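Trainee: My structure file input.pdb, PDB, C-alpha atoms, is below:
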```pdb
ATOM      1  CA  MET H   1     -18.956 -22.392  29.773
ATOM      2  CA  PRO H   2     -20.098 -21.201  26.306
ATOM      3  CA  ARG H   3     -17.792 -21.889  23.385
ATOM      4  CA  LYS H   4     -16.333 -18.966  21.509
ATOM      5  CA  LYS H   5     -17.655 -18.612  17.999
ATOM      6  CA  HIS H   6     -14.965 -19.359  15.424
ATOM      7  CA  TYR H   7     -14.679 -16.926  12.540
ATOM      8  CA  SER H   8     -13.157 -18.294   9.362
ATOM      9  CA  SER H   9     -10.606 -16.345   7.356
ATOM     10  CA  THR H  10     -13.316 -15.791   4.745
ATOM     11  CA  ASP H  11     -15.647 -14.280   7.370
ATOM     12  CA  LEU H  12     -12.877 -12.084   8.755
ATOM     13  CA  SER H  13     -11.793 -11.018   5.265
ATOM     14  CA  ALA H  14     -15.341  -9.982   4.426
ATOM     15  CA  SER H  15     -15.669  -8.071   7.718
ATOM     16  CA  ILE H  16     -12.374  -6.240   7.247
ATOM     17  CA  GLN H  17     -13.159  -5.505   3.601
ATOM     18  CA  GLY H  18     -16.522  -4.031   4.614
ATOM     19  CA  LEU H  19     -14.848  -1.964   7.311
ATOM     20  CA  LEU H  20     -12.262  -0.540   4.897
ATOM     21  CA  GLU H  21     -14.974   0.334   2.371
ATOM     22  CA  LYS H  22     -17.110   2.175   4.952
ATOM     23  CA  LYS H  23     -14.609   3.738   7.326
ATOM     24  CA  ALA H  24     -11.158   5.298   7.263
ATOM     25  CA  VAL H  25      -8.935   3.257   9.567
ATOM     26  CA  GLY H  26      -5.266   3.989   9.941
ATOM     27  CA  THR H  27      -3.932   1.194  12.113
ATOM     28  CA  GLN H  28      -4.355  -2.519  12.553
ATOM     29  CA  GLU H  29      -5.334  -1.839  16.165
ATOM     30  CA  GLU H  30      -8.214   0.376  14.983
ATOM     31  CA  ILE H  31      -9.400  -2.466  12.754
ATOM     32  CA  ARG H  32      -9.094  -4.962  15.593
ATOM     33  CA  ASP H  33     -11.018  -2.663  17.965
ATOM     34  CA  ALA H  34     -13.798  -2.103  15.410
ATOM     35  CA  LEU H  35     -14.152  -5.860  14.936
ATOM     36  CA  LEU H  36     -14.172  -6.451  18.698
ATOM     37  CA  LYS H  37     -17.022  -3.915  19.020
ATOM     38  CA  LYS H  38     -18.959  -6.061  16.535
ATOM     39  CA  GLY H  39     -18.299  -9.102  18.723
ATOM     40  CA  ILE H  40     -15.641 -10.563  16.451
ATOM     41  CA  PRO H  41     -12.591 -11.620  18.477
ATOM     42  CA  VAL H  42      -9.394 -11.231  16.487
ATOM     43  CA  ASN H  43      -5.779 -10.395  17.257
ATOM     44  CA  GLN H  44      -3.514  -7.920  15.476
ATOM     45  CA  VAL H  45      -1.442 -10.679  13.838
ATOM     46  CA  ARG H  46      -4.519 -12.125  12.138
ATOM     47  CA  VAL H  47      -5.627  -8.642  11.053
ATOM     48  CA  SER H  48      -2.191  -8.111   9.505
ATOM     49  CA  ARG H  49      -2.363 -11.412   7.594
ATOM     50  CA  ILE H  50      -5.825 -10.645   6.235
ATOM     51  CA  LEU H  51      -4.839  -7.111   5.197
ATOM     52  CA  HIS H  52      -1.920  -8.615   3.288
ATOM     53  CA  LYS H  53      -4.171 -11.226   1.696
ATOM     54  CA  LEU H  54      -6.646  -8.524   0.629
ATOM     55  CA  GLY H  55      -3.798  -6.448  -0.838
ATOM     56  CA  ALA H  56      -4.702  -3.494   1.383
ATOM     57  CA  ILE H  57      -2.329  -0.563   1.196
ATOM     58  CA  LYS H  58      -1.755   2.506   3.323
ATOM     59  CA  MET H  59      -2.593   5.806   1.683
ATOM     60  CA  ASN H  60      -2.421   9.459   2.585
ATOM     61  CA  GLU H  61      -6.024  10.614   2.460
ATOM     62  CA  ASP H  62      -6.796  14.194   3.491
ATOM     63  CA  GLY H  63      -3.629  14.309   5.588
ATOM     64  CA  LYS H  64      -4.385  11.031   7.399
ATOM     65  CA  ILE H  65      -2.748   7.685   6.683
ATOM     66  CA  VAL H  66      -5.482   5.068   6.148
ATOM     67  CA  TYR H  67      -5.798   1.532   4.844
ATOM     68  CA  ARG H  68      -7.551   1.117   1.483
ATOM     69  CA  LEU H  69      -8.227  -1.806  -0.809
ATOM     70  CA  PRO H  70      -6.512  -1.761  -4.220
ATOM     71  CA  SER H  71      -9.759  -1.076  -6.084
ATOM     72  CA  ASP H  72     -10.458   1.837  -3.711
ATOM     73  CA  ALA H  73      -6.870   3.044  -3.906
ATOM     74  CA  GLU H  74      -7.075   3.676  -7.621
ATOM     75  CA  LYS H  75      -9.786   6.274  -6.949
ATOM     76  CA  TYR H  76      -7.443   8.100  -4.594
ATOM     77  CA  PHE H  77      -4.323   8.459  -6.703
ATOM     78  CA  VAL H  78      -2.951  11.807  -5.859
ATOM     79  CA  PRO H  79      -2.509  14.744  -8.214
ATOM     80  CA  LYS H  80       1.010  15.353  -9.508
ATOM     81  CA  GLU H  81       1.659  18.339  -7.215
ATOM     82  CA  ILE H  82       0.824  16.303  -4.127
ATOM     83  CA  LEU H  83       2.691  13.268  -5.454
ATOM     84  CA  LYS H  84       5.853  15.369  -5.691
ATOM     85  CA  LYS H  85       5.551  16.147  -1.978
ATOM     86  CA  LEU H  86       5.436  12.445  -1.122
ATOM     87  CA  ILE H  87       8.798  11.670  -2.762
ATOM     88  CA  SER H  88      11.920  12.347  -0.695
ATOM     89  CA  ARG H  89      14.575  10.843  -2.969
ATOM     90  CA  ILE H  90      15.001   8.631  -6.023
ATOM     91  CA  THR H  91      18.291   6.884  -6.679
ATOM     92  CA  HIS H  92      19.642   3.728  -8.317
ATOM     93  CA  ASN H  93      22.572   1.407  -8.597
ATOM     94  CA  GLU H  94      23.385  -1.178 -11.260
ATOM     95  CA  SER H  95      20.385  -3.368 -10.410
ATOM     96  CA  LEU H  96      17.606  -1.458  -8.593
ATOM     97  CA  VAL H  97      15.867   1.881  -8.439
ATOM     98  CA  VAL H  98      15.176   2.942  -4.853
ATOM     99  CA  ILE H  99      12.520   5.513  -4.003
ATOM    100  CA  GLN H 100      12.228   7.055  -0.564
ATOM    101  CA  THR H 101       8.914   8.642   0.381
ATOM    102  CA  VAL H 102       7.405  10.366   3.367
ATOM    103  CA  SER H 103       6.244   7.915   6.012
ATOM    104  CA  GLY H 104       3.160   5.934   5.013
ATOM    105  CA  SER H 105       3.367   6.688   1.288
ATOM    106  CA  GLY H 106       5.541   3.857   0.015
ATOM    107  CA  GLN H 107       2.715   1.509  -0.888
ATOM    108  CA  VAL H 108       0.627   4.039  -2.796
ATOM    109  CA  VAL H 109       3.608   5.185  -4.873
ATOM    110  CA  ALA H 110       4.579   1.560  -5.561
ATOM    111  CA  ARG H 111       1.016   0.790  -6.664
ATOM    112  CA  LEU H 112       1.157   3.709  -9.089
ATOM    113  CA  LEU H 113       4.384   2.323 -10.565
ATOM    114  CA  ASP H 114       2.942  -1.195 -10.797
ATOM    115  CA  LEU H 115      -0.088   0.120 -12.714
ATOM    116  CA  THR H 116       1.933   2.271 -15.110
ATOM    117  CA  LYS H 117       2.195   0.631 -18.511
ATOM    118  CA  ASN H 118       5.415   0.588 -20.563
ATOM    119  CA  LEU H 119       7.632   1.244 -17.550
ATOM    120  CA  ASP H 120       9.699  -1.922 -18.110
ATOM    121  CA  ILE H 121       9.638  -3.111 -14.508
ATOM    122  CA  LEU H 122       9.129  -6.589 -13.101
ATOM    123  CA  GLY H 123       7.522  -5.141  -9.995
ATOM    124  CA  THR H 124       7.998  -3.234  -6.780
ATOM    125  CA  VAL H 125       8.548  -4.057  -3.128
ATOM    126  CA  ALA H 126       7.236  -1.336  -0.839
ATOM    127  CA  GLY H 127       7.592  -0.663   2.822
ATOM    128  CA  ASP H 128       6.297   2.271   4.789
ATOM    129  CA  ASP H 129       8.666   4.786   3.213
ATOM    130  CA  THR H 130      10.984   2.899   0.851
ATOM    131  CA  ILE H 131      10.332   1.235  -2.498
ATOM    132  CA  PHE H 132      12.604  -1.132  -4.398
ATOM    133  CA  VAL H 133      11.861  -1.204  -8.118
ATOM    134  CA  ALA H 134      13.037  -4.315  -9.970
ATOM    135  CA  PRO H 135      13.718  -3.580 -13.652
ATOM    136  CA  LYS H 136      13.002  -6.077 -16.433
ATOM    137  CA  THR H 137      16.637  -5.734 -17.403
ATOM    138  CA  THR H 138      19.553  -4.087 -15.659
ATOM    139  CA  LYS H 139      21.043  -3.015 -18.996
ATOM    140  CA  ASN H 140      18.744   0.028 -19.116
ATOM    141  CA  ILE H 141      18.708   0.989 -15.430
ATOM    142  CA  GLU H 142      19.578   4.620 -16.192
ATOM    143  CA  THR H 143      16.672   4.863 -18.664
ATOM    144  CA  LEU H 144      14.292   3.318 -16.126
ATOM    145  CA  PHE H 145      15.529   5.726 -13.457
ATOM    146  CA  LYS H 146      14.803   8.686 -15.776
ATOM    147  CA  LYS H 147      11.317   7.363 -16.636
ATOM    148  CA  ILE H 148      10.431   6.959 -12.965
ATOM    149  CA  TYR H 149      11.911  10.338 -12.080
ATOM    150  CA  ASN H 150       9.891  12.031 -14.833
ATOM    151  CA  LEU H 151       6.714  10.169 -13.874
ATOM    152  CA  LEU H 152       6.932  11.081 -10.206
ATOM    153  CA  LEU H 153       8.685  14.427 -10.101
ATOM    154  CA  ASN H 154       8.288  16.225 -13.458
TER     155      ASN H 154
END
```
Spell out the structure here as structure tokens.

Mentor:
Amino acid sequence: MPRKKHYSSTDLSASIQGLLEKKAVGTQEEIRDALLKKGIPVNQVRVSRILHKLGAIKMNEDGKIVYRLPSDAEKYFVPKEILKKLISRITHNESLVVIQTVSGSGQVVARLLDLTKNLDILGTVAGDDTIFVAPKTTKNIETLFKKIYNLLLN
């Protein structure tokens, strides 16, 4: 019985990176299927790990949610009028700003915040449709909230 060829994480990363650069794929299953067609056996869990390692994010591109690499994502930042449509709600408490977006837009909005200079944030944690923004200091949470609100909605 022939042995299965083993693909290293580096090989799989390169294959997935190439796929994301050439093709719009919206799900991990689509990525897995495309790799299987190339003769590369991989499961969804491994695809998920590699996407995370590559820093891939989901973006709304021409009305379709697709995975993109961070360097690609910066080319696709949406105009202000479209950005406004992605935001459902922005709120805060004494320690965090929370942004709710339409499904699939959390990561792209979080990336925009992470790349914005002089915003006074430590970073963001983004899910599919919710973003937690960690401020550098909680003393100025109201000011941070206003900056984010103005950046995203004004």

Trainee: So, counting only C-alpha atoms, which residue among H:Val66, H:Leu119, H:Leu36, H:Leu83 is closest to Lys147 in chain H?

Mentor: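 For Lys147 in chain H, the nearest of the candidates is H:Leu119.
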
Trainee: Env of Thr130 in chain H: 12 Å cut, atoms = all atoms listed in the file, seq-sep filter 2 positions within chain, self excluded. Answer as a JSON list (two decimals) with C-alpha atoms, in the coordinates of the input.

Mentor:
```json
[["chain", "number", "residue", "atom", "x", "y", "z"],
["H", 86, "LEU", "CA", 5.44, 12.44, -1.12],
["H", 87, "ILE", "CA", 8.80, 11.67, -2.76],
["H", 88, "SER", "CA", 11.92, 12.35, -0.70],
["H", 89, "ARG", "CA", 14.58, 10.84, -2.97],
["H", 90, "ILE", "CA", 15.00, 8.63, -6.02],
["H", 91, "THR", "CA", 18.29, 6.88, -6.68],
["H", 97, "VAL", "CA", 15.87, 1.88, -8.44],
["H", 98, "VAL", "CA", 15.18, 2.94, -4.85],
["H", 99, "ILE", "CA", 12.52, 5.51, -4.00],
["H", 100, "GLN", "CA", 12.23, 7.06, -0.56],
["H", 101, "THR", "CA", 8.91, 8.64, 0.38],
["H", 102, "VAL", "CA", 7.40, 10.37, 3.37],
["H", 103, "SER", "CA", 6.24, 7.92, 6.01],
["H", 104, "GLY", "CA", 3.16, 5.93, 5.01],
["H", 105, "SER", "CA", 3.37, 6.69, 1.29],
["H", 106, "GLY", "CA", 5.54, 3.86, 0.02],
["H", 107, "GLN", "CA", 2.72, 1.51, -0.89],
["H", 108, "VAL", "CA", 0.63, 4.04, -2.80],
["H", 109, "VAL", "CA", 3.61, 5.18, -4.87],
["H", 110, "ALA", "CA", 4.58, 1.56, -5.56],
["H", 124, "THR", "CA", 8.00, -3.23, -6.78],
["H", 125, "VAL", "CA", 8.55, -4.06, -3.13],
["H", 126, "ALA", "CA", 7.24, -1.34, -0.84],
["H", 127, "GLY", "CA", 7.59, -0.66, 2.82],
["H", 128, "ASP", "CA", 6.30, 2.27, 4.79],
["H", 132, "PHE", "CA", 12.60, -1.13, -4.40],
["H", 133, "VAL", "CA", 11.86, -1.20, -8.12]]
```

Trainee: Can you turn the PyMOL selection byres ((chain H and resi 38-49) around 9) into a concrete residue list for this file, as a ChimeraX atom specification?

Mentor: /H:4-7,9,12-13,16,28-29,31-37,50-54

Trainee: Pick out the closest residue to Thr138 in chain H from this set: H:Glu21, H:Asp11, H:Glu81, H:Asp120. Count only C-alpha atoms.

Mentor: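 Using only C-alpha atoms, Thr138 in chain H sits closest to H:Asp120.
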
Trainee: Let me make sure I understand: among H:His92, H:Lys64, H:Ile131, H:Ile57, which one has the smallest atom-to-atom distance to Leu113 in chain H if we use only C-alpha atoms?

Mentor: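 Of H:His92, H:Lys64, H:Ile131, H:Ile57, the one nearest Leu113 in chain H is H:Ile131, counting only C-alpha atoms.
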
Trainee: Name the residues in contact with Ile141 in chain H at a cut-off of 8 Å, using all atoms listed in the file, excluding same-chain residues fewer than 5 positions from it; report them as a PyMOL selection string.

Mentor: chain H and resi 92-97+135

Trainee: Please determine an axis-aligned box that encloses all atoms of range 113-117 of chain H listed in the file, with 4 Å added on each side, and express its centre and edge lengths in Å to one decimal as JSON.

Mentor:
```
{"center_x": 2.1, "center_y": 0.6, "center_z": -14.5, "size_x": 12.5, "size_y": 11.5, "size_z": 15.9}
```

Trainee: Between CA of Arg68 in chain H and CA of Ala56 in chain H, measure the distance and give it in Å to one decimal.

Mentor: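 Between CA of Arg68 in chain H and CA of Ala56 in chain H the gap works out to 5.4 Å.
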
Trainee: Mind giving me the straight-line distance from CA of Asn60 in chain H to CA of Thr27 in chain H in Å, one decimal?

Mentor: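 If I compute the distance from CA of Asn60 in chain H to CA of Thr27 in chain H, I get 12.7 Å.
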
Trainee: Applying 9 Å and all atoms listed in the file, which residues near Lys136 in chain H remain after dropping the ones on its own chain fewer than 5 positions away? List them as a PDB file with C-alpha atoms, in the frame of the given file.

Mentor:
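Saved as around.pdb:
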```
ATOM      1  CA  ASP H 120       9.699  -1.922 -18.110  1.00  0.00           C
ATOM      2  CA  ILE H 121       9.638  -3.111 -14.508  1.00  0.00           C
ATOM      3  CA  LEU H 122       9.129  -6.589 -13.101  1.00  0.00           C
ATOM      4  CA  GLY H 123       7.522  -5.141  -9.995  1.00  0.00           C
TER       5      GLY H 123
END
```

Trainee: Would you kindly translate the PyMOL selection byres ((chain H and resi 154) around 12) into the concrete residues it picks from this file, as a PDB file with C-alpha atoms, keeping the file's coordinate frame?

Mentor:
```
ATOM      1  CA  LYS H  80       1.010  15.353  -9.508  1.00  0.00           C
ATOM      2  CA  GLU H  81       1.659  18.339  -7.215  1.00  0.00           C
ATOM      3  CA  ILE H  82       0.824  16.303  -4.127  1.00  0.00           C
ATOM      4  CA  LEU H  83       2.691  13.268  -5.454  1.00  0.00           C
ATOM      5  CA  LYS H  84       5.853  15.369  -5.691  1.00  0.00           C
ATOM      6  CA  LYS H  85       5.551  16.147  -1.978  1.00  0.00           C
ATOM      7  CA  ILE H  87       8.798  11.670  -2.762  1.00  0.00           C
ATOM      8  CA  LYS H 146      14.803   8.686 -15.776  1.00  0.00           C
ATOM      9  CA  LYS H 147      11.317   7.363 -16.636  1.00  0.00           C
ATOM     10  CA  ILE H 148      10.431   6.959 -12.965  1.00  0.00           C
ATOM     11  CA  TYR H 149      11.911  10.338 -12.080  1.00  0.00           C
ATOM     12  CA  ASN H 150       9.891  12.031 -14.833  1.00  0.00           C
ATOM     13  CA  LEU H 151       6.714  10.169 -13.874  1.00  0.00           C
ATOM     14  CA  LEU H 152       6.932  11.081 -10.206  1.00  0.00           C
ATOM     15  CA  LEU H 153       8.685  14.427 -10.101  1.00  0.00           C
TER      16      LEU H 153
END
```

Trainee: Under the rule that only C-alpha atoms are counted, which of H:Leu20, H:Asn118, H:Asp129, H:Ser8 is the nearest residue to Leu144 in chain H?

Mentor: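 Under the stated criterion, the closest residue is H:Asn118.
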